[in-house]
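Listing of protein-v2.cif, mmCIF, C-alpha atoms
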```cif
data_structure
#
loop_
_atom_site.group_PDB
_atom_site.id
_atom_site.type_symbol
_atom_site.label_atom_id
_atom_site.label_comp_id
_atom_site.auth_asym_id
_atom_site.auth_seq_id
_atom_site.Cartn_x
_atom_site.Cartn_y
_atom_site.Cartn_z
ATOM 1 C CA MET U 1 -19.453 -4.862 13.258
ATOM 2 C CA ILE U 2 -20.674 -4.953 9.662
ATOM 3 C CA VAL U 3 -18.183 -6.135 7.038
ATOM 4 C CA PHE U 4 -18.248 -5.674 3.272
ATOM 5 C CA LEU U 5 -17.564 -9.021 1.587
ATOM 6 C CA ASN U 6 -17.774 -9.476 -2.182
ATOM 7 C CA GLY U 7 -20.499 -6.893 -2.667
ATOM 8 C CA GLN U 8 -22.528 -7.770 0.429
ATOM 9 C CA PHE U 9 -22.780 -6.144 3.843
ATOM 10 C CA VAL U 10 -22.785 -8.877 6.485
ATOM 11 C CA PRO U 11 -22.221 -9.148 10.259
ATOM 12 C CA GLU U 12 -18.596 -9.983 11.039
ATOM 13 C CA GLU U 13 -19.671 -13.411 12.375
ATOM 14 C CA GLN U 14 -20.895 -14.258 8.874
ATOM 15 C CA ALA U 15 -17.962 -12.695 7.003
ATOM 16 C CA ARG U 16 -16.194 -15.919 6.137
ATOM 17 C CA VAL U 17 -13.458 -16.652 3.644
ATOM 18 C CA SER U 18 -12.503 -20.166 2.575
ATOM 19 C CA VAL U 19 -9.600 -21.915 4.290
ATOM 20 C CA PHE U 20 -8.383 -22.572 0.739
ATOM 21 C CA ASP U 21 -8.237 -18.873 -0.117
ATOM 22 C CA ARG U 22 -4.810 -18.033 -1.542
ATOM 23 C CA GLY U 23 -4.578 -14.898 0.566
ATOM 24 C CA PHE U 24 -4.736 -17.123 3.644
ATOM 25 C CA LEU U 25 -2.485 -19.851 2.230
ATOM 26 C CA TYR U 26 0.221 -17.806 0.507
ATOM 27 C CA GLY U 27 -0.352 -14.125 1.203
ATOM 28 C CA ASP U 28 -1.476 -13.930 -2.440
ATOM 29 C CA GLY U 29 -3.233 -10.598 -2.300
ATOM 30 C CA LEU U 30 -3.042 -6.902 -1.544
ATOM 31 C CA PHE U 31 -4.415 -4.535 1.053
ATOM 32 C CA GLU U 32 -4.716 -0.845 1.793
ATOM 33 C CA THR U 33 -5.147 0.918 5.133
ATOM 34 C CA LEU U 34 -6.913 4.280 5.065
ATOM 35 C CA ARG U 35 -7.670 6.798 7.798
ATOM 36 C CA VAL U 36 -11.250 8.046 7.844
ATOM 37 C CA TYR U 37 -12.032 11.515 9.193
ATOM 38 C CA ALA U 38 -15.602 12.763 9.641
ATOM 39 C CA GLY U 39 -16.826 9.802 7.614
ATOM 40 C CA LYS U 40 -14.498 10.459 4.671
ATOM 41 C CA PRO U 41 -11.461 8.356 3.706
ATOM 42 C CA PHE U 42 -8.387 10.556 3.259
ATOM 43 C CA ARG U 43 -6.638 10.259 -0.117
ATOM 44 C CA TRP U 44 -8.881 7.427 -1.308
ATOM 45 C CA ALA U 45 -7.806 7.923 -4.933
ATOM 46 C CA GLN U 46 -4.110 7.459 -4.155
ATOM 47 C CA HIS U 47 -4.708 4.360 -2.077
ATOM 48 C CA LEU U 48 -6.904 2.828 -4.740
ATOM 49 C CA ASP U 49 -4.399 3.707 -7.441
ATOM 50 C CA ARG U 50 -1.683 1.788 -5.575
ATOM 51 C CA LEU U 51 -4.073 -1.143 -5.156
ATOM 52 C CA LYS U 52 -4.861 -1.158 -8.874
ATOM 53 C CA ARG U 53 -1.184 -0.965 -9.822
ATOM 54 C CA GLY U 54 -0.451 -3.832 -7.463
ATOM 55 C CA ALA U 55 -3.309 -5.866 -8.912
ATOM 56 C CA GLU U 56 -1.977 -5.297 -12.420
ATOM 57 C CA PHE U 57 1.524 -6.347 -11.329
ATOM 58 C CA LEU U 58 0.170 -9.523 -9.701
ATOM 59 C CA ASN U 59 -2.230 -10.141 -12.606
ATOM 60 C CA LEU U 60 -5.041 -10.015 -10.086
ATOM 61 C CA ARG U 61 -8.511 -8.829 -11.110
ATOM 62 C CA LEU U 62 -10.368 -6.223 -9.054
ATOM 63 C CA PRO U 63 -13.943 -7.591 -9.329
ATOM 64 C CA ILE U 64 -15.749 -4.435 -8.186
ATOM 65 C CA PRO U 65 -15.500 -1.176 -10.172
ATOM 66 C CA PRO U 66 -13.617 1.565 -8.273
ATOM 67 C CA GLU U 67 -16.610 3.903 -8.035
ATOM 68 C CA GLU U 68 -18.809 1.155 -6.602
ATOM 69 C CA LEU U 69 -16.069 0.298 -4.142
ATOM 70 C CA LYS U 70 -15.875 3.914 -2.990
ATOM 71 C CA GLN U 71 -19.637 4.078 -2.508
ATOM 72 C CA ALA U 72 -19.547 0.817 -0.572
ATOM 73 C CA ALA U 73 -16.802 2.181 1.678
ATOM 74 C CA GLY U 74 -18.965 5.179 2.537
ATOM 75 C CA GLU U 75 -21.946 2.964 3.267
ATOM 76 C CA LEU U 76 -19.830 0.652 5.413
ATOM 77 C CA ILE U 77 -18.658 3.588 7.512
ATOM 78 C CA GLN U 78 -22.262 4.751 7.944
ATOM 79 C CA GLN U 79 -23.636 1.308 8.815
ATOM 80 C CA ASN U 80 -21.012 0.896 11.530
ATOM 81 C CA GLN U 81 -21.532 4.488 12.746
ATOM 82 C CA MET U 82 -17.782 5.040 12.833
ATOM 83 C CA PRO U 83 -16.996 8.422 11.245
ATOM 84 C CA GLU U 84 -13.535 8.367 12.831
ATOM 85 C CA CYS U 85 -11.960 5.048 11.983
ATOM 86 C CA ILE U 86 -9.444 2.992 10.058
ATOM 87 C CA LEU U 87 -10.669 1.400 6.844
ATOM 88 C CA ARG U 88 -8.986 -1.821 5.724
ATOM 89 C CA LEU U 89 -9.447 -2.899 2.088
ATOM 90 C CA THR U 90 -8.213 -6.380 1.161
ATOM 91 C CA LEU U 91 -8.070 -8.043 -2.252
ATOM 92 C CA SER U 92 -7.227 -11.764 -2.420
ATOM 93 C CA ARG U 93 -6.830 -13.969 -5.488
ATOM 94 C CA GLY U 94 -9.408 -16.283 -3.958
ATOM 95 C CA VAL U 95 -9.684 -20.057 -4.028
ATOM 96 C CA GLY U 96 -7.702 -22.112 -6.508
ATOM 97 C CA PRO U 97 -6.204 -25.578 -6.923
ATOM 98 C CA ARG U 98 -3.556 -26.642 -4.426
ATOM 99 C CA GLY U 99 -0.051 -25.375 -5.187
ATOM 100 C CA TYR U 100 1.723 -22.128 -5.950
ATOM 101 C CA SER U 101 0.422 -21.743 -9.497
ATOM 102 C CA PRO U 102 -2.357 -19.124 -9.667
ATOM 103 C CA ARG U 103 -4.052 -20.963 -12.529
ATOM 104 C CA GLY U 104 -7.642 -21.791 -11.758
ATOM 105 C CA ALA U 105 -8.056 -19.070 -9.136
ATOM 106 C CA GLU U 106 -10.605 -16.978 -10.977
ATOM 107 C CA GLN U 107 -12.875 -15.623 -8.237
ATOM 108 C CA PRO U 108 -11.018 -12.881 -6.342
ATOM 109 C CA VAL U 109 -12.256 -11.830 -2.923
ATOM 110 C CA VAL U 110 -12.761 -8.235 -1.766
ATOM 111 C CA VAL U 111 -13.194 -7.395 1.908
ATOM 112 C CA MET U 112 -13.569 -4.034 3.635
ATOM 113 C CA SER U 113 -13.729 -3.546 7.384
ATOM 114 C CA VAL U 114 -13.590 -0.598 9.760
ATOM 115 C CA HIS U 115 -11.712 -0.383 13.054
ATOM 116 C CA PRO U 116 -11.387 2.199 15.848
ATOM 117 C CA ALA U 117 -8.839 4.914 15.112
ATOM 118 C CA PRO U 118 -6.345 6.045 17.748
ATOM 119 C CA VAL U 119 -7.268 9.261 19.517
ATOM 120 C CA ILE U 120 -4.546 11.824 18.846
ATOM 121 C CA ASP U 121 -4.352 14.961 20.945
ATOM 122 C CA PRO U 122 -2.993 17.778 18.734
ATOM 123 C CA GLN U 123 -1.655 19.498 21.836
ATOM 124 C CA ASN U 124 0.153 16.371 22.985
ATOM 125 C CA PRO U 125 0.980 14.361 19.854
ATOM 126 C CA PRO U 126 2.527 10.904 20.095
ATOM 127 C CA ALA U 127 6.314 10.585 20.212
ATOM 128 C CA TRP U 128 7.796 7.172 19.596
ATOM 129 C CA HIS U 129 10.959 5.202 20.204
ATOM 130 C CA LEU U 130 12.594 3.073 17.499
ATOM 131 C CA ALA U 131 14.506 -0.190 17.724
ATOM 132 C CA THR U 132 16.522 -1.513 14.787
ATOM 133 C CA SER U 133 15.196 -4.873 13.667
ATOM 134 C CA SER U 134 17.414 -7.871 12.982
ATOM 135 C CA PHE U 135 15.232 -8.641 9.966
ATOM 136 C CA ARG U 136 16.048 -7.079 6.600
ATOM 137 C CA VAL U 137 14.062 -6.080 3.529
ATOM 138 C CA PRO U 138 15.510 -6.821 0.082
ATOM 139 C CA ALA U 139 16.918 -3.800 -1.745
ATOM 140 C CA ALA U 140 15.401 -2.953 -5.140
ATOM 141 C CA ALA U 141 12.630 -5.559 -4.787
ATOM 142 C CA ALA U 142 9.786 -5.042 -7.256
ATOM 143 C CA LEU U 143 7.179 -6.309 -4.770
ATOM 144 C CA ALA U 144 8.167 -3.623 -2.255
ATOM 145 C CA ASN U 145 6.205 -1.089 -4.317
ATOM 146 C CA PHE U 146 2.923 -2.762 -3.428
ATOM 147 C CA LYS U 147 1.184 -3.536 -0.152
ATOM 148 C CA THR U 148 1.010 -7.316 -0.428
ATOM 149 C CA CYS U 149 -0.636 -9.504 2.190
ATOM 150 C CA ASP U 150 2.741 -11.031 3.074
ATOM 151 C CA LYS U 151 3.931 -8.826 5.927
ATOM 152 C CA LEU U 152 5.883 -11.296 8.039
ATOM 153 C CA VAL U 153 9.011 -9.141 8.156
ATOM 154 C CA SER U 154 6.965 -6.275 9.576
ATOM 155 C CA VAL U 155 5.216 -8.587 12.042
ATOM 156 C CA LEU U 156 8.486 -9.979 13.372
ATOM 157 C CA ALA U 157 10.195 -6.578 13.392
ATOM 158 C CA ARG U 158 7.355 -5.016 15.373
ATOM 159 C CA ALA U 159 7.482 -7.890 17.869
ATOM 160 C CA GLU U 160 11.207 -7.258 18.365
ATOM 161 C CA ALA U 161 10.588 -3.557 18.944
ATOM 162 C CA GLU U 162 7.796 -4.158 21.424
ATOM 163 C CA ALA U 163 10.017 -6.573 23.357
ATOM 164 C CA GLN U 164 12.357 -3.592 23.798
ATOM 165 C CA HIS U 165 9.469 -1.330 24.890
ATOM 166 C CA CYS U 166 9.558 0.604 21.603
ATOM 167 C CA GLU U 167 6.539 1.535 19.529
ATOM 168 C CA GLU U 168 8.111 0.923 16.122
ATOM 169 C CA ALA U 169 10.962 -0.925 14.396
ATOM 170 C CA LEU U 170 13.543 0.453 12.000
ATOM 171 C CA LEU U 171 14.017 -1.763 8.953
ATOM 172 C CA LEU U 172 17.300 -1.824 7.087
ATOM 173 C CA ASN U 173 17.709 -3.428 3.684
ATOM 174 C CA THR U 174 20.025 -6.269 2.754
ATOM 175 C CA LYS U 175 22.813 -3.734 2.179
ATOM 176 C CA GLY U 176 22.472 -2.360 5.710
ATOM 177 C CA GLU U 177 20.906 0.892 4.472
ATOM 178 C CA VAL U 178 17.931 2.686 6.013
ATOM 179 C CA ALA U 179 14.697 1.630 4.305
ATOM 180 C CA GLU U 180 11.577 2.252 6.397
ATOM 181 C CA ALA U 181 9.839 1.256 9.618
ATOM 182 C CA ALA U 182 7.698 -1.826 10.153
ATOM 183 C CA GLY U 183 4.422 -0.008 9.531
ATOM 184 C CA SER U 184 5.469 3.449 8.416
ATOM 185 C CA ASN U 185 7.862 5.439 6.273
ATOM 186 C CA LEU U 186 10.801 7.259 7.789
ATOM 187 C CA PHE U 187 12.140 10.802 7.330
ATOM 188 C CA TRP U 188 15.112 12.583 8.831
ATOM 189 C CA ILE U 189 15.954 16.285 8.941
ATOM 190 C CA THR U 190 19.326 17.911 8.373
ATOM 191 C CA GLY U 191 19.168 21.675 8.783
ATOM 192 C CA ASP U 192 16.191 22.768 6.677
ATOM 193 C CA GLU U 193 16.362 19.709 4.433
ATOM 194 C CA VAL U 194 13.893 16.835 4.744
ATOM 195 C CA ASN U 195 15.210 13.431 3.697
ATOM 196 C CA THR U 196 13.753 10.002 3.049
ATOM 197 C CA ALA U 197 15.024 6.826 1.437
ATOM 198 C CA PRO U 198 14.252 6.191 -2.264
ATOM 199 C CA PRO U 199 11.980 3.295 -3.259
ATOM 200 C CA ALA U 200 15.036 1.418 -4.532
ATOM 201 C CA ALA U 201 16.130 1.018 -0.905
ATOM 202 C CA GLY U 202 13.338 -1.527 -0.535
ATOM 203 C CA LEU U 203 10.585 0.544 1.059
ATOM 204 C CA LEU U 204 6.876 0.721 0.370
ATOM 205 C CA PRO U 205 6.190 4.261 -0.924
ATOM 206 C CA GLY U 206 3.368 5.261 1.389
ATOM 207 C CA VAL U 207 0.528 7.612 0.571
ATOM 208 C CA THR U 208 1.228 9.704 3.680
ATOM 209 C CA ARG U 209 4.887 9.815 2.637
ATOM 210 C CA ALA U 210 3.763 11.269 -0.703
ATOM 211 C CA VAL U 211 1.626 13.890 1.069
ATOM 212 C CA VAL U 212 4.609 14.980 3.180
ATOM 213 C CA LEU U 213 6.781 15.323 0.077
ATOM 214 C CA GLU U 214 4.050 17.522 -1.426
ATOM 215 C CA LEU U 215 3.966 19.615 1.748
ATOM 216 C CA CYS U 216 7.712 20.153 1.659
ATOM 217 C CA GLN U 217 7.269 21.945 -1.665
ATOM 218 C CA LYS U 218 4.461 24.093 -0.262
ATOM 219 C CA LEU U 219 6.538 24.932 2.816
ATOM 220 C CA ASN U 220 9.601 25.750 0.679
ATOM 221 C CA LEU U 221 11.565 22.962 2.320
ATOM 222 C CA SER U 222 14.149 21.063 0.359
ATOM 223 C CA ALA U 223 13.146 17.388 0.075
ATOM 224 C CA ARG U 224 15.719 14.811 -0.880
ATOM 225 C CA LYS U 225 15.640 11.063 -1.432
ATOM 226 C CA GLN U 226 18.920 9.465 -0.526
ATOM 227 C CA VAL U 227 20.487 6.234 0.639
ATOM 228 C CA VAL U 228 22.101 6.387 4.089
ATOM 229 C CA LEU U 229 23.355 4.122 6.845
ATOM 230 C CA PRO U 230 21.657 4.147 10.283
ATOM 231 C CA VAL U 231 24.369 6.404 11.747
ATOM 232 C CA ALA U 232 22.876 9.254 9.689
ATOM 233 C CA LEU U 233 19.763 9.110 11.875
ATOM 234 C CA GLN U 234 21.816 9.516 15.028
ATOM 235 C CA ARG U 235 23.412 12.635 13.557
ATOM 236 C CA ALA U 236 20.189 14.111 12.171
ATOM 237 C CA ASP U 237 18.492 17.217 13.542
ATOM 238 C CA GLY U 238 15.211 15.339 13.720
ATOM 239 C CA VAL U 239 13.536 12.073 12.733
ATOM 240 C CA PHE U 240 9.857 11.365 12.130
ATOM 241 C CA LEU U 241 7.579 8.643 10.789
ATOM 242 C CA THR U 242 4.555 8.820 8.518
ATOM 243 C CA SER U 243 1.583 6.493 8.252
ATOM 244 C CA ALA U 244 -2.056 6.689 7.212
ATOM 245 C CA VAL U 245 -3.214 5.765 10.714
ATOM 246 C CA TRP U 246 -0.985 8.105 12.757
ATOM 247 C CA GLY U 247 -0.072 10.867 10.313
ATOM 248 C CA VAL U 248 3.274 12.390 11.328
ATOM 249 C CA VAL U 249 4.964 11.013 14.455
ATOM 250 C CA GLU U 250 8.203 12.333 15.931
ATOM 251 C CA VAL U 251 10.898 9.804 16.889
ATOM 252 C CA MET U 252 12.548 10.430 20.241
ATOM 253 C CA SER U 253 15.175 7.684 20.315
ATOM 254 C CA LEU U 254 16.797 4.927 18.302
ATOM 255 C CA ASP U 255 18.115 1.808 20.034
ATOM 256 C CA GLY U 256 18.050 3.601 23.372
ATOM 257 C CA GLN U 257 19.978 6.650 22.167
ATOM 258 C CA SER U 258 18.143 9.975 22.246
ATOM 259 C CA LEU U 259 17.647 11.760 18.941
ATOM 260 C CA SER U 260 17.515 15.492 18.307
ATOM 261 C CA GLN U 261 14.128 17.146 17.802
ATOM 262 C CA SER U 262 13.623 19.641 15.016
ATOM 263 C CA PRO U 263 10.871 22.290 15.009
ATOM 264 C CA LEU U 264 10.275 21.346 11.368
ATOM 265 C CA THR U 265 8.625 18.127 12.507
ATOM 266 C CA ALA U 266 5.853 20.023 14.303
ATOM 267 C CA GLN U 267 5.505 22.351 11.308
ATOM 268 C CA ILE U 268 5.081 19.424 8.924
ATOM 269 C CA ARG U 269 2.681 17.663 11.301
ATOM 270 C CA GLU U 270 0.454 20.737 11.537
ATOM 271 C CA ALA U 271 0.579 21.217 7.758
ATOM 272 C CA TYR U 272 -0.477 17.595 7.319
ATOM 273 C CA GLN U 273 -3.402 17.989 9.725
ATOM 274 C CA GLN U 274 -4.458 21.160 7.936
ATOM 275 C CA THR U 275 -4.305 19.363 4.580
ATOM 276 C CA VAL U 276 -6.633 16.671 5.923
ATOM 277 C CA ARG U 277 -9.107 19.278 7.144
ATOM 278 C CA THR U 278 -8.968 21.263 3.927
ATOM 279 C CA GLU U 279 -9.261 18.359 1.501
ATOM 280 C CA LEU U 280 -12.108 16.711 3.417
ATOM 281 C CA GLY U 281 -13.929 19.973 4.186
ATOM 282 C CA ILE U 282 -13.656 19.564 7.954
ATOM 283 C CA ILE U 283 -14.400 22.746 9.901
ATOM 284 C CA GLY U 284 -12.457 23.434 13.094
#
```
Output the file's structure as structure tokens, nothing else.
Amino acid sequence: MIVFLNGQFVPEEQARVSVFDRGFLYGDGLFETLRVYAGKPFRWAQHLDRLKRGAEFLNLRLPIPPEELKQAAGELIQQNQMPECILRLTLSRGVGPRGYSPRGAEQPVVVMSVHPAPVIDPQNPPAWHLATSSFRVPAAAALANFKTCDKLVSVLARAEAEAQHCEEALLLNTKGEVAEAAGSNLFWITGDEVNTAPPAAGLLPGVTRAVVLELCQKLNLSARKQVVLPVALQRADGVFLTSAVWGVVEVMSLDGQSLSQSPLTAQIREAYQQTVRTELGIIG
């Protein structure tokens, strides 16, 4: 595999970052995960906008101009001959003196890599099972708005879910309210209303989540952001997850209890797939 590292395309064996890099030592950095279809990253602008906002919040410099970064992403996809893939973009503060203070860390590191994308059969889309994690995310946390390199809560939550033979973990916040899933945003359906938690609940507002909220308007579906307890999911007419890698995924059960399935989930999933095809100019 070829990796993009600080403006250079190098074999992965040569793509090395210092053991004193603050991203490695403290999670002092940001990342974005994009799905690439037919060689084109979907919603690149929105992902990069979140990265730039996160960099501004962390007072972290993006050393490569956005347009150059986009061109490099396209070249990376071509060099690896992976038109259908996952693109990971990481920005670290780089090497600095020992200690928490970011002073002296003046050479940020940018890495892009591509990885195989899951094969999704439109006729037999994935359906997942959720397990509620014992770990909590802080409500109203400013850092939750950005995809920082510190994802230990998600790592541990996913491990808990997998130990229970579930594909994904439900994350509650410190108030016991529904926030998100370990690697995706969560929606639930009541009648013809589509619901999701507000950012203040402690979730990361995902790009795919934003696309689905756009689609609700186009489909004349009422979309509402509200704070609820987990019992609301058990009573819902349908529950689904959204992520850049998987798109829209229906949830079949929560903590071993079956959930209802709404036809709106399939409608939203198809609308999402059509949006990808339309925006990227994919025929078929």
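A straight line drawn from atom CA of Ala105 of chain U to atom CA of Leu60 of chain U is 9.6 Å long.
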Where does segment 188-243 of chain U meet segment 47-50 of chain U within 10 Å, residue by residue, with the nearest atom pair and distance in Å to one decimal for each, counting only C-alpha atoms, listed by chain and rising number, as a tab-separated table?
```
residue	atom	partner	partner_atom	distance
U:Pro205	CA	U:Arg50	CA	9.5
U:Gly206	CA	U:His47	CA	8.8
U:Val207	CA	U:His47	CA	6.7
U:Thr208	CA	U:His47	CA	9.8
```
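When only C-alpha atoms are used to compute distances to Tyr100 of chain U, the closest of the residues U:Ile189, U:Leu25, U:Val231, U:Leu156 turns out to be U:Leu25.
Run against this file, the PyMOL selection byres ((chain U and resi 176) around 12) gives back Thr132, Ser133, Ser134, Phe135, Arg136, Val137, Pro138, Ala139, Leu170, Leu171, Leu172, Asn173, Thr174, Lys175, Glu177, Val178, Ala179, Glu180, Ala201, Gly202, Val227, Val228, Leu229, Pro230 and Val231 of chain U.
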| Residue members of the PyMOL selection byres ((chain U and resi 69-76) around 10) in the file shown, as a PyMOL selection string | chain U and resi 1-4+7-9+36+39-41+44-45+48+62-68+77-83+87-89+110+112-114
| task | Determine, counting all atoms listed in the file, which protein, DNA and RNA residues have an atom within 8 Å of an atom of His129 of chain U; residues of the same chain fewer than 5 positions away are not included. Present the result as a PyMOL selection string. | result | chain U and resi 166-168+251-256
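Comparing the minimum interatomic distances between Ser258 of chain U and each of U:Asp28, U:Glu162, U:Asp237, U:Glu279, counting all atoms listed in the file, we find that U:Asp237 sits nearest.
What the PyMOL selection byres ((chain U and resi 249) around 10) picks from this file is U:Pro125, U:Pro126, U:Ala127, U:Trp128, U:Ser184, U:Leu186, U:Val239, U:Phe240, U:Leu241, U:Thr242, U:Ser243, U:Trp246, U:Gly247, U:Val248, U:Glu250, U:Val251, U:Met252, U:Thr265, U:Ala266, U:Arg269.
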Selection to disk with C-alpha atoms, as a PDB file, in the frame of the given file:
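After the write, part_9.pdb holds the following:
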```
ATOM      1  CA  PRO U 125       0.980  14.361  19.854  1.00  0.00           C
ATOM      2  CA  PRO U 126       2.527  10.904  20.095  1.00  0.00           C
ATOM      3  CA  ALA U 127       6.314  10.585  20.212  1.00  0.00           C
ATOM      4  CA  TRP U 128       7.796   7.172  19.596  1.00  0.00           C
ATOM      5  CA  SER U 184       5.469   3.449   8.416  1.00  0.00           C
ATOM      6  CA  LEU U 186      10.801   7.259   7.789  1.00  0.00           C
ATOM      7  CA  VAL U 239      13.536  12.073  12.733  1.00  0.00           C
ATOM      8  CA  PHE U 240       9.857  11.365  12.130  1.00  0.00           C
ATOM      9  CA  LEU U 241       7.579   8.643  10.789  1.00  0.00           C
ATOM     10  CA  THR U 242       4.555   8.820   8.518  1.00  0.00           C
ATOM     11  CA  SER U 243       1.583   6.493   8.252  1.00  0.00           C
ATOM     12  CA  TRP U 246      -0.985   8.105  12.757  1.00  0.00           C
ATOM     13  CA  GLY U 247      -0.072  10.867  10.313  1.00  0.00           C
ATOM     14  CA  VAL U 248       3.274  12.390  11.328  1.00  0.00           C
ATOM     15  CA  GLU U 250       8.203  12.333  15.931  1.00  0.00           C
ATOM     16  CA  VAL U 251      10.898   9.804  16.889  1.00  0.00           C
ATOM     17  CA  MET U 252      12.548  10.430  20.241  1.00  0.00           C
ATOM     18  CA  THR U 265       8.625  18.127  12.507  1.00  0.00           C
ATOM     19  CA  ALA U 266       5.853  20.023  14.303  1.00  0.00           C
ATOM     20  CA  ARG U 269       2.681  17.663  11.301  1.00  0.00           C
TER      21      ARG U 269
END
```
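Compared by their closest atoms to Leu34 of chain U, and using only C-alpha atoms, the residues U:Val194, U:Ser262, U:Ala210, U:Ala244 rank with U:Ala244 nearest.
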| note | From atom CA of Gly94 of chain U to atom CA of Thr148 of chain U the spacing works out at 14.2 Å
| field | Point (7.2, -5.7, -4.4), cut-off 12 Å, counting all atoms listed in the file, residues as a VMD selection string | value | chain U and resid 29 to 30 50 53 to 55 57 to 58 137 to 151 199 to 205
Just write the chosen residues, C-alpha atoms, as a PDB file, in the frame of the given file.
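Writing the result to out.pdb gives the following:
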```pdb
ATOM      1  CA  GLY U  29      -3.233 -10.598  -2.300  1.00  0.00           C
ATOM      2  CA  LEU U  30      -3.042  -6.902  -1.544  1.00  0.00           C
ATOM      3  CA  ARG U  50      -1.683   1.788  -5.575  1.00  0.00           C
ATOM      4  CA  ARG U  53      -1.184  -0.965  -9.822  1.00  0.00           C
ATOM      5  CA  GLY U  54      -0.451  -3.832  -7.463  1.00  0.00           C
ATOM      6  CA  ALA U  55      -3.309  -5.866  -8.912  1.00  0.00           C
ATOM      7  CA  PHE U  57       1.524  -6.347 -11.329  1.00  0.00           C
ATOM      8  CA  LEU U  58       0.170  -9.523  -9.701  1.00  0.00           C
ATOM      9  CA  VAL U 137      14.062  -6.080   3.529  1.00  0.00           C
ATOM     10  CA  PRO U 138      15.510  -6.821   0.082  1.00  0.00           C
ATOM     11  CA  ALA U 139      16.918  -3.800  -1.745  1.00  0.00           C
ATOM     12  CA  ALA U 140      15.401  -2.953  -5.140  1.00  0.00           C
ATOM     13  CA  ALA U 141      12.630  -5.559  -4.787  1.00  0.00           C
ATOM     14  CA  ALA U 142       9.786  -5.042  -7.256  1.00  0.00           C
ATOM     15  CA  LEU U 143       7.179  -6.309  -4.770  1.00  0.00           C
ATOM     16  CA  ALA U 144       8.167  -3.623  -2.255  1.00  0.00           C
ATOM     17  CA  ASN U 145       6.205  -1.089  -4.317  1.00  0.00           C
ATOM     18  CA  PHE U 146       2.923  -2.762  -3.428  1.00  0.00           C
ATOM     19  CA  LYS U 147       1.184  -3.536  -0.152  1.00  0.00           C
ATOM     20  CA  THR U 148       1.010  -7.316  -0.428  1.00  0.00           C
ATOM     21  CA  CYS U 149      -0.636  -9.504   2.190  1.00  0.00           C
ATOM     22  CA  ASP U 150       2.741 -11.031   3.074  1.00  0.00           C
ATOM     23  CA  LYS U 151       3.931  -8.826   5.927  1.00  0.00           C
ATOM     24  CA  PRO U 199      11.980   3.295  -3.259  1.00  0.00           C
ATOM     25  CA  ALA U 200      15.036   1.418  -4.532  1.00  0.00           C
ATOM     26  CA  ALA U 201      16.130   1.018  -0.905  1.00  0.00           C
ATOM     27  CA  GLY U 202      13.338  -1.527  -0.535  1.00  0.00           C
ATOM     28  CA  LEU U 203      10.585   0.544   1.059  1.00  0.00           C
ATOM     29  CA  LEU U 204       6.876   0.721   0.370  1.00  0.00           C
ATOM     30  CA  PRO U 205       6.190   4.261  -0.924  1.00  0.00           C
TER      31      PRO U 205
END
```
Can you report as AutoDock Vina command-line options the centre and edge lengths in Å, to one decimal, of an axis-aligned box around the listed atoms of segment 252-262 of chain U padded with 5 Å on each side?
```
--center_x 16.3 --center_y 10.7 --center_z 19.2 --size_x 17.4 --size_y 27.8 --size_z 18.4
```
| query | When distances are computed from all atoms listed in the file, which of U:Val95, U:Val10, U:Ile268, U:Ala161 shows the smallest separation from Arg209 of chain U? | reply | U:Ile268
| task | Quote the spacing between atom CA of Leu130 of chain U and atom CA of Asn195 of chain U in Å to one decimal place. | result | 17.5 Å
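If you measure from each of U:Val245, U:Phe31, U:Gln257, U:Leu51 to Ile120 of chain U using all atoms listed in the file, the closest one turns out to be U:Val245.
Residue nearest Phe24 of chain U within the list U:Val155, U:Ser222, U:Ala232, U:Gly96: U:Gly96 [criterion: smallest interatomic distance, all atoms listed in the file].
Excluding Ser154 of chain U and any residue on its chain fewer than 3 positions from it, the residues at most 7 Å away by all atoms listed in the file are U:Lys151, U:Ala157, U:Arg158, U:Ala182, U:Gly183.
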